[in-house]
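Q: Data: entry_2.pdb, PDB, C-alpha atoms and all ligand atoms.
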ATOM      1  CA  MET A 203      67.806  57.588 148.155
ATOM      2  CA  ILE A 204      70.318  59.329 145.863
ATOM      3  CA  ALA A 205      68.641  60.766 142.756
ATOM      4  CA  LYS A 206      70.221  59.749 139.472
ATOM      5  CA  ARG A 207      71.692  62.656 137.560
ATOM      6  CA  SER A 208      72.271  62.825 133.812
ATOM      7  CA  VAL A 209      73.457  66.420 133.314
ATOM      8  CA  LEU A 210      75.166  67.671 136.457
ATOM      9  CA  THR A 211      78.543  66.113 137.085
ATOM     10  CA  ASP A 212      79.881  65.223 140.506
ATOM     11  CA  GLU A 213      82.274  68.166 140.157
ATOM     12  CA  MET A 214      79.432  70.614 139.558
ATOM     13  CA  VAL A 215      77.524  69.262 142.549
ATOM     14  CA  ALA A 216      80.661  69.502 144.693
ATOM     15  CA  LYS A 217      81.131  73.152 143.680
ATOM     16  CA  ILE A 218      77.524  73.909 144.566
ATOM     17  CA  GLU A 219      77.784  72.142 147.923
ATOM     18  CA  ALA A 220      81.049  73.920 148.713
ATOM     19  CA  LEU A 221      79.181  77.231 148.583
ATOM     20  CA  ALA A 222      76.404  76.085 150.927
ATOM     21  CA  PRO A 223      78.022  77.364 154.169
ATOM     22  CA  ARG A 224      78.022  80.896 152.748
ATOM     23  CA  TYR A 225      74.249  81.013 152.291
ATOM     24  CA  PRO A 226      71.428  81.112 154.835
ATOM     25  CA  ASN A 227      69.419  78.300 153.231
ATOM     26  CA  ARG A 228      69.339  75.921 150.266
ATOM     27  CA  GLN A 229      67.081  78.162 148.185
ATOM     28  CA  ALA A 230      69.665  80.932 148.341
ATOM     29  CA  LEU A 231      72.051  78.598 146.478
ATOM     30  CA  THR A 232      69.858  78.668 143.377
ATOM     31  CA  LEU A 233      71.587  81.531 141.605
ATOM     32  CA  PRO A 234      75.145  80.359 142.347
ATOM     33  CA  ALA A 235      74.165  76.867 141.205
ATOM     34  CA  LEU A 236      72.822  78.233 137.929
ATOM     35  CA  HIS A 237      76.082  80.112 137.391
ATOM     36  CA  ILE A 238      78.147  76.993 138.056
ATOM     37  CA  VAL A 239      76.140  74.933 135.583
ATOM     38  CA  ASN A 240      76.064  77.688 132.967
ATOM     39  CA  ALA A 241      79.823  78.106 133.253
ATOM     40  CA  GLU A 242      80.361  74.415 132.587
ATOM     41  CA  LEU A 243      77.704  73.719 129.961
ATOM     42  CA  ARG A 244      77.316  77.229 128.485
ATOM     43  CA  HIS A 245      73.588  76.820 129.101
ATOM     44  CA  VAL A 246      71.216  75.401 131.699
ATOM     45  CA  PRO A 247      68.950  72.848 130.027
ATOM     46  CA  LEU A 248      65.655  71.837 131.591
ATOM     47  CA  GLU A 249      67.173  68.577 132.831
ATOM     48  CA  ALA A 250      69.751  70.578 134.756
ATOM     49  CA  VAL A 251      67.004  72.721 136.278
ATOM     50  CA  ALA A 252      65.331  69.575 137.619
ATOM     51  CA  GLU A 253      68.643  68.253 138.940
ATOM     52  CA  ILE A 254      69.526  71.531 140.654
ATOM     53  CA  ALA A 255      66.060  71.542 142.207
ATOM     54  CA  ALA A 256      66.549  68.002 143.493
ATOM     55  CA  ILE A 257      69.905  68.891 145.042
ATOM     56  CA  LEU A 258      68.521  71.994 146.719
ATOM     57  CA  GLY A 259      65.250  70.424 147.817
ATOM     58  CA  LEU A 260      63.180  72.816 145.719
ATOM     59  CA  ALA A 261      60.484  72.455 143.103
ATOM     60  CA  PRO A 262      61.857  72.652 139.543
ATOM     61  CA  ALA A 263      59.531  75.632 138.963
ATOM     62  CA  GLU A 264      61.343  77.569 141.682
ATOM     63  CA  VAL A 265      64.681  77.085 139.949
ATOM     64  CA  GLN A 266      63.158  77.847 136.562
ATOM     65  CA  ASP A 267      61.645  81.059 137.970
ATOM     66  CA  THR A 268      65.091  82.257 138.990
ATOM     67  CA  LEU A 269      66.667  81.247 135.696
ATOM     68  CA  SER A 270      64.041  82.926 133.548
ATOM     69  CA  PHE A 271      64.239  86.161 135.549
ATOM     70  CA  TYR A 272      67.781  86.732 134.294
ATOM     71  CA  GLN A 273      68.535  87.170 130.611
ATOM     72  CA  PHE A 274      72.050  85.989 131.375
ATOM     73  CA  PHE A 275      71.292  82.275 131.251
ATOM     74  CA  TYR A 276      70.890  80.315 128.047
ATOM     75  CA  GLN A 277      68.532  77.358 128.121
ATOM     76  CA  ALA A 278      67.571  76.008 124.699
ATOM     77  CA  LYS A 279      71.137  75.717 123.444
ATOM     78  CA  PRO A 280      74.641  76.694 124.542
ATOM     79  CA  HIS A 281      76.095  80.108 123.856
ATOM     80  CA  GLY A 282      79.384  80.272 122.001
ATOM     81  CA  THR A 283      82.705  79.203 123.442
ATOM     82  CA  VAL A 284      83.467  82.918 123.511
ATOM     83  CA  ARG A 285      80.605  85.061 124.760
ATOM     84  CA  ALA A 286      81.285  88.683 123.845
ATOM     85  CA  PHE A 287      79.310  91.497 125.430
ATOM     86  CA  VAL A 288      79.665  94.687 123.381
ATOM     87  CA  CYS A 289      78.917  97.785 125.446
ATOM     88  CA  ARG A 290      76.244 100.064 124.055
ATOM     89  CA  SER A 291      75.996 102.544 126.921
ATOM     90  CA  ILE A 292      76.676 106.226 126.459
ATOM     91  CA  SER A 293      80.493 106.471 126.590
ATOM     92  CA  CYS A 294      80.971 103.506 124.317
ATOM     93  CA  ALA A 295      78.137 104.586 122.009
ATOM     94  CA  LEU A 296      79.795 108.007 121.604
ATOM     95  CA  ARG A 297      83.054 106.311 120.659
ATOM     96  CA  GLY A 298      81.721 103.863 118.105
ATOM     97  CA  GLY A 299      80.218 101.077 120.187
ATOM     98  CA  ASP A 300      77.178 100.699 117.948
ATOM     99  CA  GLN A 301      79.332 100.481 114.831
ATOM    100  CA  LEU A 302      81.569  97.986 116.604
ATOM    101  CA  LEU A 303      78.597  95.775 117.426
ATOM    102  CA  GLU A 304      77.294  96.039 113.894
ATOM    103  CA  HIS A 305      80.700  95.231 112.407
ATOM    104  CA  LEU A 306      81.229  92.186 114.611
ATOM    105  CA  CYS A 307      77.771  90.807 113.919
ATOM    106  CA  HIS A 308      78.018  91.444 110.182
ATOM    107  CA  SER A 309      81.523  90.020 109.819
ATOM    108  CA  ASN A 310      80.501  86.888 111.718
ATOM    109  CA  GLY A 311      77.212  86.488 109.865
ATOM    110  CA  ILE A 312      75.019  86.729 112.949
ATOM    111  CA  GLN A 313      72.539  89.054 114.596
ATOM    112  CA  PRO A 314      72.975  90.422 118.129
ATOM    113  CA  TYR A 315      72.453  87.550 120.600
ATOM    114  CA  GLY A 316      73.374  85.168 117.815
ATOM    115  CA  THR A 317      75.973  82.421 117.808
ATOM    116  CA  THR A 318      78.199  81.528 114.881
ATOM    117  CA  ALA A 319      77.446  78.256 113.110
ATOM    118  CA  ASP A 320      80.604  76.663 114.515
ATOM    119  CA  GLY A 321      79.606  77.617 118.070
ATOM    120  CA  SER A 322      82.785  79.584 118.633
ATOM    121  CA  LEU A 323      81.297  83.036 119.270
ATOM    122  CA  THR A 324      78.146  84.650 120.644
ATOM    123  CA  ILE A 325      77.787  88.415 120.434
ATOM    124  CA  GLU A 326      75.456  90.314 122.735
ATOM    125  CA  PRO A 327      74.839  94.004 123.342
ATOM    126  CA  ALA A 328      75.568  94.989 126.935
ATOM    127  CA  GLU A 329      75.131  97.908 129.278
ATOM    128  CA  CYS A 330      78.076  99.731 130.863
ATOM    129  CA  LEU A 331      80.990  97.423 131.614
ATOM    130  CA  GLY A 332      82.515  99.868 134.095
ATOM    131  CA  ALA A 333      85.453 100.948 131.955
ATOM    132  CA  CYS A 334      84.024 104.062 130.327
ATOM    133  CA  ASP A 335      87.445 105.786 130.193
ATOM    134  CA  PHE A 336      88.528 103.127 127.746
ATOM    135  CA  ALA A 337      85.471 103.102 125.499
ATOM    136  CA  PRO A 338      84.467 101.298 123.442
ATOM    137  CA  CYS A 339      84.732  98.085 125.441
ATOM    138  CA  ILE A 340      83.897  94.415 125.054
ATOM    139  CA  LEU A 341      83.755  91.778 127.760
ATOM    140  CA  ALA A 342      84.841  88.523 126.133
ATOM    141  CA  ASN A 343      84.335  85.744 128.672
ATOM    142  CA  ASP A 344      86.424  87.050 131.578
ATOM    143  CA  ASP A 345      88.581  89.420 129.532
ATOM    144  CA  LEU A 346      87.775  93.122 129.363
ATOM    145  CA  LEU A 347      88.874  94.439 125.965
ATOM    146  CA  MET A 348      89.299  98.214 125.900
ATOM    147  CA  ASN A 349      89.679 100.932 123.271
ATOM    148  CA  MET A 350      88.415  98.572 120.628
ATOM    149  CA  THR A 351      88.208  99.296 116.920
ATOM    150  CA  PRO A 352      86.543  96.963 114.425
ATOM    151  CA  ASP A 353      89.958  95.587 113.453
ATOM    152  CA  THR A 354      91.349  95.130 116.960
ATOM    153  CA  ALA A 355      88.072  93.601 118.146
ATOM    154  CA  THR A 356      87.995  91.154 115.252
ATOM    155  CA  ALA A 357      91.552  90.093 116.016
ATOM    156  CA  ALA A 358      90.974  89.915 119.777
ATOM    157  CA  LEU A 359      87.902  87.722 119.472
ATOM    158  CA  LYS A 360      89.848  85.199 117.426
ATOM    159  CA  GLN A 361      92.257  84.613 120.313
ATOM    160  CA  PRO A 362      91.550  81.781 122.738
ATOM    161  CA  ARG A 363      89.848  83.188 125.836
ATOM    162  CA  ALA A 364      89.183  82.100 129.368
ATOM    163  CA  LYS A 365      86.145  79.900 129.787
ATOM    164  CA  ALA A 366      82.817  81.720 129.578
ATOM    165  CA  THR A 367      81.063  82.262 132.879
TER
HETATM  166  S1  LIG B 401      79.759 103.039 128.723
HETATM  167 FE1  LIG B 401      80.853 101.339 127.939
HETATM  168  S2  LIG B 401      82.113 100.762 129.620
HETATM  169 FE2  LIG B 401      80.865 102.343 130.436
END
Output the file's structure in the form of structure tokens.

A:
Amino acid sequence: MIAKRSVLTDEMVAKIEALAPRYPNRQALTLPALHIVNAELRHVPLEAVAEIAAILGLAPAEVQDTLSFYQFFYQAKPHGTVRAFVCRSISCALRGGDQLLEHLCHSNGIQPYGTTADGSLTIEPAECLGACDFAPCILANDDLLMNMTPDTATAALKQPRAKAT
């Protein structure tokens, strides 16, 4: 019997199944499946957890365990269309990363980890993004923004970006 799905699209399921040959068993597909769903929906609601579990032949609690282990995944509601990680590790902190984070949150009327009312932007503190020579840095969806100032960051985050992953 094919289980009825209400959240996962056929495309999402196809992407998950396409990865199956790379993994030793169905349970090992849990994390990639969560990433695929989060990339499409910008969160992984409980219904999606149950549907992923059904596809992988797992208990929903097993999928939820994996999801809740990682702070990366949103569940209650989607993150913004642009998800901006502002580095707060040492190189960026020494070059104004904390002030950059504070400026972006203040100018957008949100707290860290908050999302603007229009759903366009979520701002999160992050650890080293691997581009310390170009501090301070922001990862905005798939774009690494380097040598940011409050003004250049504000302008950069207004540009359309690649889909959040
Ligand atoms: S400390 Fe910010 S990119 Fe490494």

Q: Please tabulate, as CSV, the residues of segment 242-283 of chain A that come within 12 Å of segment 219-226 of chain A, each with its closest pair of atoms and the distance in Å to one decimal, counting all atoms listed in the file and ordering rows by chain, then residue number upward.

A:
residue,atom,partner,partner_atom,distance
A:Ile254,CA,A:Glu219,CA,11.0
A:Ile257,CA,A:Glu219,CA,9.0
A:Leu258,CA,A:Glu219,CA,9.3

Q: Give me the chain A side of the contact with ligand LIG 401 (chain B), cut-off 9 Å, one line per residue showing its nearest atom pair and distance in Å at one decimal, counting all atoms listed in the file, sorted by chain and residue number, as a Markdown table.

A:
| residue | atom | partner | partner_atom | distance |
| --- | --- | --- | --- | --- |
| A:Val288 | CA | B:LIG401 | FE1 | 8.2 |
| A:Cys289 | CA | B:LIG401 | FE1 | 4.8 |
| A:Arg290 | CA | B:LIG401 | FE1 | 6.2 |
| A:Ser291 | CA | B:LIG401 | S1 | 4.2 |
| A:Ile292 | CA | B:LIG401 | S1 | 5.0 |
| A:Ser293 | CA | B:LIG401 | S1 | 4.1 |
| A:Cys294 | CA | B:LIG401 | FE1 | 4.2 |
| A:Ala295 | CA | B:LIG401 | S1 | 7.1 |
| A:Leu296 | CA | B:LIG401 | S1 | 8.7 |
| A:Gly299 | CA | B:LIG401 | FE1 | 7.8 |
| A:Ala328 | CA | B:LIG401 | FE1 | 8.3 |
| A:Glu329 | CA | B:LIG401 | FE1 | 6.8 |
| A:Cys330 | CA | B:LIG401 | FE2 | 3.8 |
| A:Leu331 | CA | B:LIG401 | S2 | 4.0 |
| A:Gly332 | CA | B:LIG401 | S2 | 4.6 |
| A:Ala333 | CA | B:LIG401 | S2 | 4.1 |
| A:Cys334 | CA | B:LIG401 | FE2 | 3.6 |
| A:Asp335 | CA | B:LIG401 | S2 | 7.3 |
| A:Phe336 | CA | B:LIG401 | S2 | 7.1 |
| A:Ala337 | CA | B:LIG401 | FE1 | 5.5 |
| A:Pro338 | CA | B:LIG401 | FE1 | 5.8 |
| A:Cys339 | CA | B:LIG401 | S2 | 5.6 |
| A:Ile340 | CA | B:LIG401 | S2 | 8.0 |
| A:Met348 | CA | B:LIG401 | S2 | 8.5 |

Q: Go ahead and write the selection's residues with C-alpha atoms as a PDB file, keeping the file's coordinate frame.

A:
ATOM      1  CA  VAL A 288      79.665  94.687 123.381  1.00  0.00           C
ATOM      2  CA  CYS A 289      78.917  97.785 125.446  1.00  0.00           C
ATOM      3  CA  ARG A 290      76.244 100.064 124.055  1.00  0.00           C
ATOM      4  CA  SER A 291      75.996 102.544 126.921  1.00  0.00           C
ATOM      5  CA  ILE A 292      76.676 106.226 126.459  1.00  0.00           C
ATOM      6  CA  SER A 293      80.493 106.471 126.590  1.00  0.00           C
ATOM      7  CA  CYS A 294      80.971 103.506 124.317  1.00  0.00           C
ATOM      8  CA  ALA A 295      78.137 104.586 122.009  1.00  0.00           C
ATOM      9  CA  LEU A 296      79.795 108.007 121.604  1.00  0.00           C
ATOM     10  CA  GLY A 299      80.218 101.077 120.187  1.00  0.00           C
ATOM     11  CA  ALA A 328      75.568  94.989 126.935  1.00  0.00           C
ATOM     12  CA  GLU A 329      75.131  97.908 129.278  1.00  0.00           C
ATOM     13  CA  CYS A 330      78.076  99.731 130.863  1.00  0.00           C
ATOM     14  CA  LEU A 331      80.990  97.423 131.614  1.00  0.00           C
ATOM     15  CA  GLY A 332      82.515  99.868 134.095  1.00  0.00           C
ATOM     16  CA  ALA A 333      85.453 100.948 131.955  1.00  0.00           C
ATOM     17  CA  CYS A 334      84.024 104.062 130.327  1.00  0.00           C
ATOM     18  CA  ASP A 335      87.445 105.786 130.193  1.00  0.00           C
ATOM     19  CA  PHE A 336      88.528 103.127 127.746  1.00  0.00           C
ATOM     20  CA  ALA A 337      85.471 103.102 125.499  1.00  0.00           C
ATOM     21  CA  PRO A 338      84.467 101.298 123.442  1.00  0.00           C
ATOM     22  CA  CYS A 339      84.732  98.085 125.441  1.00  0.00           C
ATOM     23  CA  ILE A 340      83.897  94.415 125.054  1.00  0.00           C
ATOM     24  CA  MET A 348      89.299  98.214 125.900  1.00  0.00           C
TER      25      MET A 348
END

Q: What is the atom CA of Thr318 of chain A-atom CA of Glu253 of chain A distance in Å, reported with one decimal?

A: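 It comes out at 29.1 Å.
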
Q: So how far away is atom CA of Gln301 of chain A from atom CA of Pro327 of chain A, in Å?

A: 11.6 Å

Q: So how many Å separate atom CA of Ala261 of chain A and atom CA of Tyr276 of chain A, to one decimal?

A: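 Rounded to one decimal, the two atoms are 19.9 Å apart.
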
Q: Once the PyMOL selection byres (((chain A and resi 240-249) around 12) and not hetatm) has been evaluated on this model, what residues remain selected, and can you format them as a ChimeraX atom specification?

A: /A:206-211,213-215,217,233-239,250-256,262-263,265-270,273-285,317,321-324,343-344,364-367

Q: At a cut-off of 7 Å around the point (72.4, 87.1, 120.6) (file coordinates), what residues fall inside when counting only C-alpha atoms? I'd like the answer as a PyMOL selection string.

A: chain A and resi 313-317+324-326

Q: If you keep C-alpha atoms, can you produce a file of those selected residues as a PDB file, keeping the file's coordinate frame?

A:
ATOM      1  CA  GLN A 313      72.539  89.054 114.596  1.00  0.00           C
ATOM      2  CA  PRO A 314      72.975  90.422 118.129  1.00  0.00           C
ATOM      3  CA  TYR A 315      72.453  87.550 120.600  1.00  0.00           C
ATOM      4  CA  GLY A 316      73.374  85.168 117.815  1.00  0.00           C
ATOM      5  CA  THR A 317      75.973  82.421 117.808  1.00  0.00           C
ATOM      6  CA  THR A 324      78.146  84.650 120.644  1.00  0.00           C
ATOM      7  CA  ILE A 325      77.787  88.415 120.434  1.00  0.00           C
ATOM      8  CA  GLU A 326      75.456  90.314 122.735  1.00  0.00           C
TER       9      GLU A 326
END
